[in-house]
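Student: First the structure, which I've put down as structure tokens, then a few questions once you've had a look.
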Amino acid sequence: MWQLLVAACWVLLLGPIYGYQKKGSTTNPEAYMNISQIISYWGYPCEEYDVITTDGYILGIYRIPYGRRCSRTAPKPVVYLQHGLIASASNWICNLPNNSLAFLLADSGYDVWMGNSRGNTWSRKHLKFSPESPEYWAFSMDEMAKYDLPATIDFIVEKTGQEQLYYVGHSQGTTIAFIAFSTIPELAKRIKIFFALAPIITVKYTQSPLKKLTALSRRIVKVLLGEKMFYPHTRFEEFIATKVCNRKLFRRICSNFLFILNGFDPKNLNMSRLDVYLAQIPAGTSTQNIQHWAQAANSGLFQAFDWGNPDQNMIHFHQLTPPFYNVTKMDVPTAVWSGGQDRVADPKDVENLLPKITRLIYYKYIPHYNHVDFYLGQDAPQEIYEDLIRLMEECLHDSNVIH
């Protein structure tokens with residue numbers, strides 16, 4: 001993959017000599033924008049906030065309080081969107097407005113909030129630790145569930161004055177929800193419906209290239225990846241996105257970067273927006289989080305991070321081994337969508353998850369979907385979003401009848 005991109009760069013650099021420089025080159029303006037700028041670019045109101053967790057992490061979150069076709073009258077039903085691994089809130093707004101979930105929800109009359117997990121591009125601050133220190137990166141999905149979600153949801157409840165909200169998670173965004181909602185009953189009570197897109201609790205059958213890490217010892221992984229950040233966004237990715245992937249000649253190569261990691265569904269990807277997609281990802285996470293995922297792939301279990309020895313586990317969990325997470329304890333109405341071509345949330349893992357969801361209200365299997373189709377797919381409005389919004393509307397109607 002990288003060899004192909006290097007070759008693409010050479011062609012780009014030699015382009016003026018052979019007359020290729022301008023041919024087939026169009027860059028979308030959003031490829032150069034941050035999240036707030038993209039939201040405003042499409043004519044939507046945007047609010048940006050910092051949420052401080054009880055362990056000192058500062059998380060950047062975004063709000064679209066109303067849509068282009070909606071009044072500003074409050075209060076509106078609240079929806080919270082949580083991204084997946086090495087991703088960010090940009091997932092929900094990187095397509096055109098008629099194809100991006102955040103914009104569609106805002107135009108349907110919802111108060112839309114989008115979170116960012118600790119350590120990604122938009123949540124890389126701490127009250128005490130610098131991102132240059134190993135201490136800052138000593139976290140995984142455990143801490144995202146224990147600290148990030150409660151702090152973010154509490155902030156939204158306080159800001160909006162509404163005690164309950166809808167939760168939409170993709171990939172790791174579902175994982176931390178399954179952990180948080182099954183271990184923190186008070187938080188679970190704040191969720192009207194949990195919408196799980198490409199849900200993951202185990203990755204026993206995953207075909208993701210990251211599974212190769214399971215064959216390596218923790219010491220070797222630390223040597224290879226370091227002890228801090230995994231896969232941050234760099235100037236190189238920005239260059240590739242805006243100077244290479246904006247050209248028709250390289251679209252197949254660039255799209256393969258997404259497909260190799262997530263599964264193949266080339267007909268469902270808007271190739272003309274590859275520069276926007278790749279300008280926003282990866283957004284980074286901690287090496288420890290990747291180790292946690294490798295642990296899960298190796299064991300096939302839904303379990304907290306193993307700190308490497310009984311003494312450390314005792315400090316963190318008050319027991320010698322990491323505790324298991326029990327999804328059956330989650331008392332939240334849950335709707336699930338899964339994909340047949342998903343290399344990350346493998347259908348077999350999803351099949352094992354479904355019986356554990358005690359309040360499963362809806363399930364749809366989409367045979368042609370890969371792991372990113374849930375937010376990038378051109379047919380996502382028809383395959384997912386229309387039913388998702390319908391379930392919200394039915395919930396609102398039932399609440400009004402009751403009251």
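Here, A, B, ... name the chains of the structure tokens in the order displayed, residue numbers run from 1 inside each chain, and ligands are numbered from 1 in the same displayed order.
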Can you list, as a ChimeraX atom specification, every residue of stretch 141-252 of chain A that DSSP puts in strand (DSSP E)?

Tutor: /A:165-170,191-197,229-230

Student: Show me a table, sorted first by chain and then by increasing residue number, of the residues of stretch 208-314 of chain A having an atom at most 10 Å from stretch 30-54 of chain A, each with its shortest atom pair and the distance in Å to one decimal, counting only C-alpha atoms and written as CSV.

Tutor:
```
residue,atom,partner,partner_atom,distance
A:Glu238,CA,A:Ala31,CA,8.3
A:Ala241,CA,A:Ala31,CA,7.7
A:Thr242,CA,A:Ala31,CA,6.7
A:Asn246,CA,A:Ala31,CA,9.6
A:Arg273,CA,A:Ala31,CA,8.6
A:Leu274,CA,A:Ala31,CA,9.0
A:Asp275,CA,A:Ala31,CA,5.9
A:Val276,CA,A:Ala31,CA,4.3
A:Tyr277,CA,A:Ala31,CA,7.7
A:Leu278,CA,A:Ala31,CA,8.2
A:Ala279,CA,A:Ala31,CA,5.6
A:Gln280,CA,A:Ala31,CA,7.7
```

Student: Those residues you just picked out, can you put them in a file as a CSV table (one decimal), in the first residue's frame with N, CA, C and O atoms?

Tutor:
```
chain,number,residue,atom,x,y,z
A,238,GLU,N,-2.1,14.5,5.0
A,238,GLU,CA,-2.8,15.7,4.4
A,238,GLU,C,-2.3,15.9,3.0
A,238,GLU,O,-3.1,16.2,2.1
A,241,ALA,N,-3.9,13.1,0.8
A,241,ALA,CA,-5.3,13.4,0.7
A,241,ALA,C,-5.6,14.5,-0.3
A,241,ALA,O,-6.4,14.3,-1.2
A,242,THR,N,-4.9,15.6,-0.2
A,242,THR,CA,-5.2,16.8,-1.0
A,242,THR,C,-4.4,17.0,-2.3
A,242,THR,O,-4.8,17.7,-3.1
A,246,ASN,N,-7.0,13.4,-4.6
A,246,ASN,CA,-7.9,14.2,-5.3
A,246,ASN,C,-7.9,14.0,-6.8
A,246,ASN,O,-8.7,14.6,-7.6
A,273,ARG,N,-15.0,12.3,-3.1
A,273,ARG,CA,-14.7,12.9,-1.8
A,273,ARG,C,-13.7,12.2,-1.0
A,273,ARG,O,-13.5,12.4,0.2
A,274,LEU,N,-12.8,11.4,-1.7
A,274,LEU,CA,-11.8,10.7,-1.0
A,274,LEU,C,-10.8,11.7,-0.3
A,274,LEU,O,-10.3,11.4,0.8
A,275,ASP,N,-10.6,12.8,-0.9
A,275,ASP,CA,-9.7,13.8,-0.3
A,275,ASP,C,-10.2,14.3,1.1
A,275,ASP,O,-9.4,14.5,2.0
A,276,VAL,N,-11.5,14.4,1.2
A,276,VAL,CA,-12.1,14.9,2.5
A,276,VAL,C,-12.0,13.7,3.5
A,276,VAL,O,-11.6,14.0,4.6
A,277,TYR,N,-12.4,12.5,3.1
A,277,TYR,CA,-12.3,11.4,4.0
A,277,TYR,C,-10.9,11.2,4.6
A,277,TYR,O,-10.7,11.1,5.8
A,278,LEU,N,-9.9,11.2,3.7
A,278,LEU,CA,-8.5,10.9,4.1
A,278,LEU,C,-7.8,12.1,4.7
A,278,LEU,O,-6.8,11.9,5.4
A,279,ALA,N,-8.4,13.3,4.5
A,279,ALA,CA,-7.8,14.5,5.2
A,279,ALA,C,-8.1,14.5,6.7
A,279,ALA,O,-7.5,15.2,7.5
A,280,GLN,N,-9.2,13.7,7.1
A,280,GLN,CA,-9.6,13.7,8.5
A,280,GLN,C,-9.2,12.4,9.2
A,280,GLN,O,-9.2,12.4,10.5
```

Student: Name all residues at most 12 Å from A:Glu386 (count only C-alpha atoms; drop same-chain ones fewer than 2 positions away) and give them as a list in words.

Tutor: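 Counting only C-alpha atoms, the residues come to Asn98, Asn99, Ser100, Leu101, Leu104, Leu105, Ser108, Asp379, Ala380, Pro381, Gln382, Glu383, Ile384, Leu388, Ile389, Arg390, Leu391, Met392 and Glu393 of chain A.
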
Student: With C-alpha atoms kept, could you save the residues just selected as a CSV table (one decimal), in the first residue's frame?

Tutor:
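Below you can see again26.csv, which holds the result:
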```
chain,number,residue,atom,x,y,z
A,98,ASN,CA,-28.0,14.8,2.3
A,99,ASN,CA,-25.7,11.8,3.1
A,100,SER,CA,-24.2,12.8,6.5
A,101,LEU,CA,-26.0,11.5,9.6
A,104,LEU,CA,-29.7,14.7,8.4
A,105,LEU,CA,-30.6,14.5,12.1
A,108,SER,CA,-35.0,16.3,11.0
A,379,ASP,CA,-26.9,4.4,0.4
A,380,ALA,CA,-26.6,4.8,4.2
A,381,PRO,CA,-29.6,7.1,4.3
A,382,GLN,CA,-31.8,4.4,2.7
A,383,GLU,CA,-30.2,1.4,4.4
A,384,ILE,CA,-29.8,2.9,7.9
A,388,LEU,CA,-32.9,5.1,12.7
A,389,ILE,CA,-34.8,8.4,12.5
A,390,ARG,CA,-38.1,6.5,12.3
A,391,LEU,CA,-37.3,4.6,15.5
A,392,MET,CA,-36.5,8.0,17.2
A,393,GLU,CA,-39.8,9.4,16.0
```

Student: Could you pull the residues within 10 Å of A:Thr174, counting only C-alpha atoms, minus those fewer than 2 positions along the same chain, as number ranges by chain?

Tutor: A: 82-84, 167-172, 176-180, 194-201, 336

Student: Between atom CA of A:Gly119 and atom CA of A:Gly173, what is the distance, to one decimal in Å?

Tutor: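 Result for atom CA of A:Gly119 versus atom CA of A:Gly173: 14.3 Å, one decimal.
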